[in-house]
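This is target.txt (compact mmCIF, C-alpha atoms).
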```
# COMPACT_ATOMS: atom_id res chain seq x y z
CA MET E 1 -0.37 32.35 13.58
CA SER E 2 0.58 34.72 10.79
CA PHE E 3 0.86 33.51 7.25
CA PHE E 4 4.66 33.77 7.24
CA ASN E 5 4.97 31.96 10.54
CA LYS E 6 2.93 29.14 9.08
CA ILE E 7 5.21 28.88 6.10
CA PHE E 8 8.22 28.97 8.37
CA VAL E 9 6.95 26.22 10.66
CA GLY E 10 5.87 24.26 7.61
CA SER E 11 9.30 24.29 6.06
CA VAL E 12 11.03 23.49 9.33
CA LEU E 13 8.75 20.46 9.68
CA LEU E 14 9.53 19.47 6.13
CA ILE E 15 13.25 19.66 6.75
CA LEU E 16 12.91 17.82 10.07
CA GLY E 17 10.73 15.23 8.41
CA PHE E 18 13.24 14.67 5.69
CA SER E 19 16.31 14.42 7.86
CA THR E 20 14.67 12.14 10.40
CA VAL E 21 13.43 9.84 7.65
CA SER E 22 17.00 9.05 6.78
CA LEU E 23 17.99 8.98 10.44
CA ALA E 24 15.06 6.86 11.63
CA ASP E 25 16.31 4.97 14.64
CA GLU E 26 15.74 1.41 13.57
CA SER E 27 17.10 -0.07 16.78
CA ALA E 28 14.81 1.97 19.04
CA LYS E 29 12.89 0.02 21.66
CA LEU E 30 9.14 0.28 21.89
CA VAL E 31 7.89 0.58 25.44
CA VAL E 32 4.22 1.51 25.76
CA GLU E 33 3.12 2.82 29.13
CA GLY E 34 6.04 1.01 30.75
CA GLN E 35 5.33 -2.27 28.95
CA PRO E 36 8.05 -3.49 26.54
CA MET E 37 6.87 -4.67 23.09
CA ILE E 38 8.51 -7.28 20.89
CA THR E 39 9.15 -5.38 17.65
CA ARG E 40 11.88 -7.59 16.19
CA VAL E 41 12.11 -11.33 16.42
CA LYS E 42 13.23 -14.39 14.48
CA ALA E 43 10.81 -15.11 11.65
CA PRO E 44 8.44 -18.06 12.11
CA SER E 45 9.61 -21.21 10.33
CA HIS E 46 6.91 -20.99 7.65
CA MET E 47 8.49 -17.81 6.27
CA GLU E 48 10.93 -18.85 3.61
CA ASN E 49 12.57 -15.60 2.53
CA VAL E 50 12.80 -13.49 5.67
CA ASP E 51 15.04 -14.11 8.70
CA GLU E 52 13.80 -11.44 11.07
CA ILE E 53 10.30 -10.06 11.32
CA ARG E 54 9.84 -6.45 12.33
CA SER E 55 6.91 -4.38 13.45
CA GLY E 56 5.92 -1.50 11.20
CA TRP E 57 6.75 0.72 14.18
CA THR E 58 10.51 0.15 13.65
CA PHE E 59 10.29 1.76 10.20
CA ARG E 60 8.58 4.97 11.27
CA ILE E 61 10.26 8.28 12.02
CA LYS E 62 10.98 9.19 15.65
CA GLU E 63 8.07 11.61 15.94
CA THR E 64 5.58 8.96 14.82
CA GLN E 65 7.26 6.32 16.97
CA SER E 66 7.00 8.38 20.12
CA LEU E 67 3.26 8.99 19.66
CA GLN E 68 2.68 5.29 20.29
CA MET E 69 4.69 5.19 23.49
CA ASP E 70 2.30 7.25 25.59
CA ASP E 71 -1.44 6.64 25.67
CA PHE E 72 -2.10 10.34 26.22
CA GLU E 73 -0.35 11.12 22.97
CA ASN E 74 -1.65 8.15 21.00
CA PRO E 75 -4.60 9.52 18.99
CA GLY E 76 -5.85 5.94 18.57
CA MET E 77 -6.84 5.95 22.24
CA ILE E 78 -9.57 8.51 21.51
CA PHE E 79 -11.20 5.85 19.38
CA VAL E 80 -10.79 3.28 22.12
CA ASP E 81 -12.80 5.64 24.34
CA LYS E 82 -15.47 5.87 21.67
CA GLY E 83 -15.43 2.08 21.49
CA LEU E 84 -15.99 1.87 25.25
CA ASP E 85 -19.02 4.14 24.93
CA LEU E 86 -20.36 1.78 22.31
CA TRP E 87 -19.56 -1.16 24.56
CA ASN E 88 -21.98 0.21 27.11
CA LYS E 89 -24.65 1.31 24.65
CA VAL E 90 -27.89 -0.69 24.68
CA GLU E 91 -28.99 -1.59 21.18
CA GLY E 92 -31.23 -4.04 19.34
CA SER E 93 -34.50 -5.86 20.03
CA LYS E 94 -33.14 -7.59 23.14
CA ASN E 95 -32.19 -4.36 24.87
CA LYS E 96 -28.63 -5.42 25.51
CA ALA E 97 -25.21 -3.81 25.37
CA CYS E 98 -21.94 -5.70 24.99
CA ALA E 99 -21.44 -4.83 28.65
CA SER E 100 -24.63 -6.68 29.61
CA CYS E 101 -22.80 -9.97 29.04
CA HIS E 102 -19.13 -9.00 28.88
CA ASP E 103 -19.00 -6.44 31.65
CA ASP E 104 -15.29 -5.98 31.29
CA ALA E 105 -13.51 -6.27 27.95
CA SER E 106 -10.49 -7.67 29.80
CA GLU E 107 -12.05 -11.14 29.51
CA PHE E 108 -10.87 -10.97 25.87
CA LYS E 109 -7.21 -10.81 26.85
CA GLY E 110 -5.23 -12.83 24.32
CA LEU E 111 -8.01 -13.09 21.75
CA ARG E 112 -6.44 -10.62 19.27
CA THR E 113 -3.26 -12.71 19.09
CA VAL E 114 -5.03 -15.83 17.79
CA MET E 115 -7.29 -14.12 15.24
CA PRO E 116 -8.27 -14.91 12.59
CA ARG E 117 -9.08 -18.50 13.52
CA TRP E 118 -11.38 -21.35 12.56
CA ASN E 119 -14.86 -21.27 14.09
CA GLU E 120 -16.24 -24.79 14.45
CA SER E 121 -19.91 -23.93 14.78
CA ALA E 122 -19.85 -21.53 11.82
CA ASN E 123 -17.57 -23.88 9.88
CA ALA E 124 -15.63 -20.86 8.65
CA LEU E 125 -12.55 -18.73 9.23
CA TRP E 126 -13.52 -15.93 11.60
CA SER E 127 -11.97 -12.51 12.05
CA LEU E 128 -12.66 -10.43 15.16
CA GLU E 129 -15.32 -8.61 13.18
CA ASP E 130 -17.31 -11.84 12.92
CA HIS E 131 -17.43 -12.26 16.70
CA VAL E 132 -18.66 -8.71 17.11
CA ASN E 133 -21.35 -9.06 14.48
CA ASN E 134 -22.39 -12.51 15.64
CA CYS E 135 -23.03 -11.14 19.12
CA ARG E 136 -24.85 -8.16 17.70
CA THR E 137 -27.22 -10.19 15.56
CA GLU E 138 -27.63 -13.30 17.77
CA GLN E 139 -27.27 -11.94 21.30
CA MET E 140 -28.54 -8.38 20.93
CA GLY E 141 -30.94 -8.55 18.02
CA ALA E 142 -29.11 -5.58 16.50
CA GLU E 143 -27.95 -4.82 12.97
CA PRO E 144 -24.45 -6.01 12.08
CA LEU E 145 -21.80 -3.28 11.91
CA LYS E 146 -20.05 -2.47 8.66
CA TRP E 147 -16.51 -3.84 8.28
CA GLY E 148 -13.93 -1.10 8.19
CA ALA E 149 -16.33 1.58 9.47
CA ALA E 150 -15.61 3.63 12.60
CA PRO E 151 -17.97 1.89 15.10
CA MET E 152 -16.64 -1.56 14.18
CA ASP E 153 -13.01 -0.44 14.22
CA SER E 154 -13.35 1.19 17.63
CA LEU E 155 -14.96 -1.93 19.17
CA ILE E 156 -12.17 -4.04 17.65
CA ALA E 157 -9.65 -1.61 19.14
CA VAL E 158 -11.18 -2.12 22.62
CA ILE E 159 -10.92 -5.90 22.25
CA SER E 160 -7.42 -5.77 20.73
CA LEU E 161 -6.06 -3.44 23.40
CA GLN E 162 -6.61 -6.23 25.98
CA SER E 163 -3.82 -8.21 24.25
CA ARG E 164 -1.34 -5.38 23.94
CA GLY E 165 2.21 -6.69 24.38
CA MET E 166 1.26 -10.36 23.93
CA PRO E 167 2.92 -12.11 20.97
CA MET E 168 0.85 -12.89 17.88
CA ASN E 169 0.18 -16.61 17.71
CA VAL E 170 -2.12 -17.39 14.80
CA LYS E 171 -2.71 -21.05 14.02
CA ILE E 172 -2.03 -22.08 10.44
CA ASP E 173 -2.59 -25.84 10.43
CA GLY E 174 -5.71 -27.97 10.74
CA ALA E 175 -8.92 -26.67 9.20
CA VAL E 176 -7.40 -23.34 8.16
CA ALA E 177 -4.44 -24.83 6.28
CA PRO E 178 -6.02 -24.62 2.79
CA LEU E 179 -7.12 -21.03 3.44
CA TRP E 180 -3.62 -20.13 4.59
CA GLU E 181 -2.31 -21.46 1.27
CA ILE E 182 -4.79 -19.26 -0.59
CA GLY E 183 -3.67 -16.26 1.42
CA LYS E 184 -0.06 -17.03 0.67
CA GLU E 185 -0.79 -17.30 -3.02
CA LEU E 186 -2.52 -13.90 -2.93
CA PHE E 187 0.47 -12.36 -1.17
CA TYR E 188 2.77 -13.41 -4.01
CA THR E 189 0.42 -12.74 -6.95
CA ARG E 190 1.03 -9.66 -9.06
CA VAL E 191 -2.02 -7.51 -9.67
CA GLY E 192 -3.06 -4.20 -11.16
CA GLN E 193 -1.72 -1.99 -13.91
CA LEU E 194 1.50 -1.61 -11.89
CA ASP E 195 1.68 -5.41 -11.84
CA MET E 196 3.02 -5.88 -8.33
CA ALA E 197 2.52 -8.37 -5.52
CA CYS E 198 2.49 -7.56 -1.81
CA SER E 199 5.82 -9.39 -1.67
CA ASN E 200 7.47 -7.06 -4.20
CA CYS E 201 7.23 -4.22 -1.71
CA HIS E 202 6.90 -5.85 1.71
CA GLU E 203 9.31 -8.75 1.29
CA ASP E 204 11.78 -7.82 -1.45
CA ASN E 205 12.14 -4.15 -0.53
CA TYR E 206 11.34 -3.52 3.12
CA GLY E 207 13.72 -1.05 4.76
CA ILE E 208 13.94 0.88 1.50
CA MET E 209 12.44 4.25 0.62
CA ILE E 210 9.73 4.28 -2.04
CA ARG E 211 9.60 8.01 -2.69
CA ALA E 212 8.65 9.46 0.74
CA ASP E 213 7.60 6.14 2.30
CA HIS E 214 9.88 3.86 4.26
CA LEU E 215 8.71 0.38 3.25
CA SER E 216 7.90 -1.96 6.12
CA GLN E 217 7.13 -5.68 6.08
CA GLY E 218 3.39 -4.94 5.86
CA GLN E 219 2.72 -6.56 9.23
CA ILE E 220 -0.73 -6.37 10.85
CA ASN E 221 0.26 -6.84 14.51
CA GLY E 222 -0.57 -3.16 15.12
CA PHE E 223 -4.13 -3.20 13.80
CA PRO E 224 -6.46 -1.48 13.99
CA ALA E 225 -3.89 1.26 13.37
CA TYR E 226 -4.32 4.99 13.74
CA ARG E 227 -2.94 6.68 10.63
CA LEU E 228 -1.78 10.29 10.65
CA LYS E 229 -2.72 10.38 6.97
CA ASN E 230 -6.47 9.97 7.53
CA ALA E 231 -6.65 10.70 11.27
CA LYS E 232 -8.68 7.62 12.14
CA LEU E 233 -8.40 3.94 12.95
CA ASN E 234 -7.82 1.73 9.94
CA SER E 235 -8.89 -1.88 9.77
CA ILE E 236 -6.72 -4.63 8.34
CA HIS E 237 -8.87 -5.06 5.25
CA ALA E 238 -9.04 -1.30 4.64
CA ARG E 239 -5.23 -1.25 4.63
CA PHE E 240 -5.07 -4.13 2.16
CA LYS E 241 -7.58 -2.29 -0.01
CA GLY E 242 -5.49 0.89 0.04
CA CYS E 243 -2.34 -0.94 -1.04
CA MET E 244 -4.19 -2.65 -3.89
CA LYS E 245 -5.62 0.63 -5.15
CA ASN E 246 -2.16 2.19 -5.08
CA ILE E 247 -0.99 -0.39 -7.57
CA ARG E 248 -4.13 0.27 -9.60
CA ALA E 249 -5.67 -3.10 -8.83
CA THR E 250 -9.35 -3.73 -8.11
CA PRO E 251 -9.33 -4.52 -4.39
CA TYR E 252 -10.99 -7.66 -3.11
CA LYS E 253 -14.11 -7.13 -1.05
CA VAL E 254 -13.61 -5.90 2.52
CA GLY E 255 -14.85 -8.81 4.65
CA GLY E 256 -14.75 -11.13 1.62
CA ASP E 257 -13.10 -14.55 1.31
CA GLU E 258 -9.88 -13.36 -0.34
CA PHE E 259 -9.08 -10.69 2.25
CA ARG E 260 -9.95 -13.13 5.06
CA ALA E 261 -7.43 -15.61 3.68
CA LEU E 262 -4.88 -12.84 3.14
CA GLU E 263 -5.45 -11.64 6.71
CA LEU E 264 -4.71 -15.13 8.01
CA TYR E 265 -1.53 -15.41 5.99
CA VAL E 266 -0.24 -11.92 6.79
CA ALA E 267 -1.13 -12.32 10.50
CA SER E 268 0.89 -15.56 10.56
CA ARG E 269 3.91 -13.72 9.13
CA GLY E 270 3.82 -11.69 12.33
CA ASN E 271 3.70 -14.63 14.76
CA GLY E 272 6.05 -13.66 17.58
CA LEU E 273 5.61 -9.87 17.34
CA SER E 274 3.62 -8.15 20.07
CA SER E 275 0.10 -7.12 19.32
CA GLU E 276 0.34 -3.30 19.41
CA ALA E 277 -3.18 -2.12 18.70
CA PRO E 278 -3.96 0.67 18.52
CA SER E 279 -0.65 1.45 16.82
CA VAL E 280 0.30 4.78 15.24
CA ARG E 281 1.45 4.88 11.62
CA ASN E 282 1.81 7.57 8.97
CA MET T 1 -25.44 24.72 -45.77
CA ILE T 2 -23.98 25.54 -42.38
CA ASN T 3 -24.66 21.98 -41.33
CA SER T 4 -22.85 20.46 -44.28
CA ILE T 5 -19.84 22.69 -43.65
CA LYS T 6 -19.89 21.49 -40.06
CA ASN T 7 -20.01 17.92 -41.28
CA VAL T 8 -17.06 18.43 -43.57
CA ILE T 9 -15.08 19.97 -40.74
CA VAL T 10 -15.97 17.10 -38.42
CA ILE T 11 -14.92 14.57 -41.06
CA LEU T 12 -11.68 16.42 -41.74
CA PHE T 13 -10.79 16.49 -38.06
CA GLY T 14 -11.76 12.88 -37.77
CA LEU T 15 -9.39 11.94 -40.58
CA LEU T 16 -6.60 14.00 -39.07
CA TYR T 17 -7.17 12.29 -35.74
CA LEU T 18 -7.16 8.84 -37.32
CA GLN T 19 -3.93 9.65 -39.10
CA THR T 20 -2.07 10.81 -36.00
CA ALA T 21 -3.46 7.87 -34.07
CA HIS T 22 -2.26 5.59 -36.83
CA ALA T 23 1.25 6.96 -36.76
CA GLU T 24 1.59 5.70 -33.19
CA ILE T 25 2.78 2.19 -32.60
CA ALA T 26 0.25 0.41 -30.39
CA PRO T 27 1.52 -1.68 -27.44
CA SER T 28 0.58 -4.87 -29.31
CA GLU T 29 2.63 -3.85 -32.37
CA ILE T 30 5.91 -3.23 -30.58
CA ILE T 31 8.92 -5.04 -31.93
CA ALA T 32 11.56 -5.64 -29.29
CA ASP T 33 14.81 -7.55 -29.79
CA GLU T 34 15.75 -10.51 -27.61
CA TYR T 35 17.15 -8.18 -24.93
CA GLY T 36 13.98 -6.07 -24.87
CA ALA T 37 15.42 -3.11 -26.82
CA VAL T 38 13.07 -1.19 -29.13
CA THR T 39 14.70 0.72 -31.99
CA ALA T 40 11.72 2.41 -33.64
CA SER T 41 10.22 5.55 -32.12
CA LEU T 42 6.65 5.01 -30.94
CA THR T 43 5.44 8.19 -32.62
CA GLY T 44 8.02 9.42 -35.11
CA VAL T 45 7.91 12.74 -33.28
CA PRO T 46 11.22 13.55 -31.54
CA GLY T 47 10.97 13.35 -27.75
CA ASP T 48 10.85 16.56 -25.71
CA PRO T 49 13.27 16.22 -22.76
CA ALA T 50 11.69 19.12 -20.84
CA ASN T 51 8.33 17.42 -20.88
CA GLY T 52 10.00 14.06 -20.18
CA ARG T 53 11.44 15.55 -17.01
CA LYS T 54 7.93 16.50 -15.88
CA VAL T 55 6.53 13.06 -16.69
CA PHE T 56 9.44 11.49 -14.78
CA MET T 57 8.56 13.21 -11.51
CA ASN T 58 4.76 13.36 -11.82
CA ARG T 59 3.25 10.93 -9.32
CA LYS T 60 0.34 10.09 -11.60
CA GLN T 61 2.51 9.59 -14.69
CA GLY T 62 6.03 8.15 -14.62
CA ASN T 63 6.55 8.56 -10.89
CA CYS T 64 10.03 7.24 -11.64
CA LEU T 65 11.30 9.18 -8.62
CA ALA T 66 9.33 6.75 -6.42
CA CYS T 67 12.03 4.17 -7.06
CA HIS T 68 15.06 6.01 -8.48
CA VAL T 69 17.46 8.60 -7.13
CA ASN T 70 18.17 11.22 -9.80
CA SER T 71 20.66 13.96 -8.85
CA GLU T 72 19.58 16.10 -11.79
CA MET T 73 16.32 16.59 -9.82
CA SER T 74 17.90 17.29 -6.45
CA GLU T 75 15.38 20.10 -5.91
CA GLN T 76 12.74 17.35 -5.43
CA THR T 77 12.61 16.30 -1.77
CA PHE T 78 11.98 12.58 -1.92
CA HIS T 79 13.82 10.12 -4.13
CA GLY T 80 13.08 6.42 -3.75
CA GLU T 81 15.82 3.81 -3.64
CA VAL T 82 14.11 0.66 -4.92
CA GLY T 83 15.97 0.78 -8.27
CA PRO T 84 19.45 1.94 -9.29
CA VAL T 85 20.54 5.61 -9.20
CA LEU T 86 19.86 6.99 -12.67
CA ASP T 87 22.79 9.43 -12.82
CA GLY T 88 24.73 8.84 -16.03
CA VAL T 89 22.16 6.38 -17.34
CA ALA T 90 22.78 7.59 -20.91
CA ASP T 91 26.40 6.43 -20.63
CA ARG T 92 25.28 2.92 -19.73
CA TRP T 93 22.40 2.26 -22.10
CA THR T 94 21.51 3.03 -25.72
CA GLN T 95 18.38 4.85 -26.78
CA ALA T 96 16.76 1.60 -27.96
CA GLU T 97 17.55 -0.14 -24.67
CA ILE T 98 16.12 2.72 -22.61
CA ARG T 99 13.00 2.84 -24.77
CA GLY T 100 12.54 -0.91 -24.36
CA MET T 101 12.96 -0.66 -20.59
CA ILE T 102 10.29 1.97 -20.23
CA ILE T 103 7.89 0.20 -22.59
CA ASN T 104 8.22 -3.07 -20.73
CA SER T 105 11.01 -3.42 -18.21
CA LYS T 106 10.18 -7.11 -17.75
CA ASN T 107 11.62 -7.81 -21.21
CA VAL T 108 14.94 -6.40 -20.00
CA PHE T 109 15.04 -7.33 -16.30
CA GLU T 110 13.26 -10.58 -15.58
CA GLY T 111 10.89 -10.45 -12.63
CA THR T 112 11.55 -6.77 -11.93
CA ILE T 113 9.28 -4.66 -9.72
CA MET T 114 9.52 -1.81 -12.26
CA PRO T 115 6.15 -1.35 -14.01
CA ALA T 116 5.74 -1.65 -17.79
CA PHE T 117 4.77 1.85 -18.88
CA TYR T 118 3.53 1.06 -22.39
CA LYS T 119 1.56 -2.12 -22.03
CA ASP T 120 -2.23 -2.28 -22.03
CA SER T 121 -3.15 -5.92 -21.53
CA GLY T 122 -2.10 -9.08 -19.75
CA PHE T 123 -2.68 -7.63 -16.28
CA THR T 124 -4.81 -9.12 -13.47
CA ARG T 125 -7.62 -7.21 -11.73
CA THR T 126 -6.70 -3.80 -13.10
CA LEU T 127 -8.93 -1.03 -11.71
CA LYS T 128 -11.69 -0.28 -14.18
CA LYS T 129 -10.53 3.21 -15.05
CA PHE T 130 -7.11 1.90 -16.09
CA GLN T 131 -8.29 -1.15 -18.00
CA GLY T 132 -7.03 -1.37 -21.57
CA LYS T 133 -4.82 1.67 -20.95
CA THR T 134 -1.10 2.19 -20.77
CA ILE T 135 0.46 4.07 -17.84
CA LEU T 136 2.17 6.51 -20.22
CA LYS T 137 1.06 7.68 -23.65
CA ALA T 138 3.32 6.95 -26.62
CA GLN T 139 4.66 10.49 -26.82
CA GLN T 140 5.26 10.60 -23.06
CA VAL T 141 7.44 7.49 -23.43
CA GLU T 142 9.44 9.22 -26.17
CA ASP T 143 9.76 12.34 -24.01
CA VAL T 144 11.07 10.34 -21.03
CA VAL T 145 13.54 8.53 -23.32
CA ALA T 146 14.77 11.92 -24.58
CA TYR T 147 15.11 13.16 -21.00
CA LEU T 148 17.05 10.09 -19.83
CA LEU T 149 19.43 10.53 -22.77
CA THR T 150 20.43 13.90 -21.24
CA LEU T 151 21.60 12.16 -18.03
CA LYS T 152 25.31 11.82 -18.74
CA GLU T 153 28.17 11.84 -16.28
```

Please render this file's structure as structure tokens.
Amino acid sequence: MSFFNKIFVGSVLLILGFSTVSLADESAKLVVEGQPMITRVKAPSHMENVDEIRSGWTFRIKETQSLQMDDFENPGMIFVDKGLDLWNKVEGSKNKACASCHDDASEFKGLRTVMPRWNESANALWSLEDHVNNCRTEQMGAEPLKWGAAPMDSLIAVISLQSRGMPMNVKIDGAVAPLWEIGKELFYTRVGQLDMACSNCHEDNYGIMIRADHLSQGQINGFPAYRLKNAKLNSIHARFKGCMKNIRATPYKVGGDEFRALELYVASRGNGLSSEAPSVRN
Amino acid sequence: MINSIKNVIVILFGLLYLQTAHAEIAPSEIIADEYGAVTASLTGVPGDPANGRKVFMNRKQGNCLACHVNSEMSEQTFHGEVGPVLDGVADRWTQAEIRGMIINSKNVFEGTIMPAFYKDSGFTRTLKKFQGKTILKAQQVEDVVAYLLTLKE
């Protein structure tokens, strides 16, 4: 492509991008590979200030929306394939692969929709990452994988994909209730030099443009999410971290107690929306 | 000899620096009225509207365009809509009110999402590199005030 052609295409894209931002079809229906997704639904009763919850997909421009509708176009699926390779890879002192015991990931259908949840034997709130690492260390004799790094995110994508289309249904009572309260508190606490809470953007101002970004409700039903911005899968905690840094706040630790509690709370705000992983976002 | 001249020069510059630094009102010394308005200039140096315009759109400085539509900058592609349109803002507010809003909008609009641009303490978990710092420097605040005062309808 010649230099001038590049400039030409670039500016056409810019103009397209701009006009479709304002024309984003907010009532569009998400159907992935023929399967309809719930992207808008009545908010769960524990949400005090929002009537309708909406998937982040409904806020994206048409071009981004359509990428998620076809698995051949969804760049997140490349990482699912990498995850499947890993699924079959023998590792650790016990010479096992995930596939040695879970030959087909489809046995995990529905698991994504209830995570994070309380784990009795560990006496702790577990995210999907904990299951993966527990099996690696206890069942395989392998090193745990790093939270938010590519191998972990692609395995999580394989597991999450099994629940695609099923509504999120995270439990918030019982043993997790106090942690849910902590997560809620974090969601409404202002932090950083910009002195903002998650709620200032994702509850008070969703549907509104913040410079070039169309603010969503900050839902995590699509995670891990492929982002056009960094061309890879992004974990839930990595996304939280990014938002905190943008408001010039010191992020909590990825995989740490605060983000686990926040994950529980934010996941529960999406109860009723389909799990979409791997979703496509900008 | 050369060394002592150097020393004198260093001391002179030091004094000059101290003096200019002293002329600035620190965030802790700001006097705002009960509606958050601040009458006194932060620097005593008149604001430069041309530079204020730059600070206004710069994403790492004011980034005011993240939240405000401003028709005077229609050449800029993306204008946020979190706050009110700023066209004609100088017809609605006085210089002291605008200065107060930029220094600390929370004194003017309770519970607002708009950041305080000249405040250096009282935050939670600020990233290390921004700790003890204000978002805008004193003169940048004055420059933005001067720029906003040009927005008349």

Return as a PyMOL selection string the residues belonging to chain T that are within 12 Å of chain E, counting all atoms listed in the file. chain T and resi 57-70+76-83+104-106+111-136

Enter the distance from atom CA of T:Val55 to atom CA of T:Phe109, in Å, rounded to one decimal. 22.1 Å

If you measure from atom CA of E:Gly242 to atom CA of E:Cys198, what distance in Å do you get, rounded to one decimal?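 Between atom CA of E:Gly242 and atom CA of E:Cys198 the gap is 11.8 Å.
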
Distance of atom CA of T:Glu29 from atom CA of T:Val45, expressed in Å to one decimal place: 17.4 Å

Which is closer to E:Glu143 than all the others in E:Lys184, E:Arg112, E:Lys94, E:Lys171, using all atoms listed in the file?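 Smallest separation from E:Glu143 among the options: E:Lys94.
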
For T:Leu42, the closest of T:Ile98, T:Val141, T:Leu86, T:Leu149 counting all atoms listed in the file is T:Val141

Name the residues, using the chain letters and numbers of the file, that sit within 7 Å of (-12.8, -26.3, 7.9) when counting all atoms listed in the file, and give them as number ranges by chain. E: 118, 123-124, 175-176

Convert the current residue selection to file output with C-alpha atoms, as a short mmCIF file (atom, residue, chain, number, x, y, z; two decimals), keeping the file's coordinate frame.
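Just written: part_29.cif:
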```cif
data_model
loop_
_atom_site.label_atom_id
_atom_site.label_comp_id
_atom_site.auth_asym_id
_atom_site.auth_seq_id
_atom_site.Cartn_x
_atom_site.Cartn_y
_atom_site.Cartn_z
CA TRP E 118 -11.38 -21.35 12.56
CA ASN E 123 -17.57 -23.88 9.88
CA ALA E 124 -15.63 -20.86 8.65
CA ALA E 175 -8.92 -26.67 9.20
CA VAL E 176 -7.40 -23.34 8.16
#
```
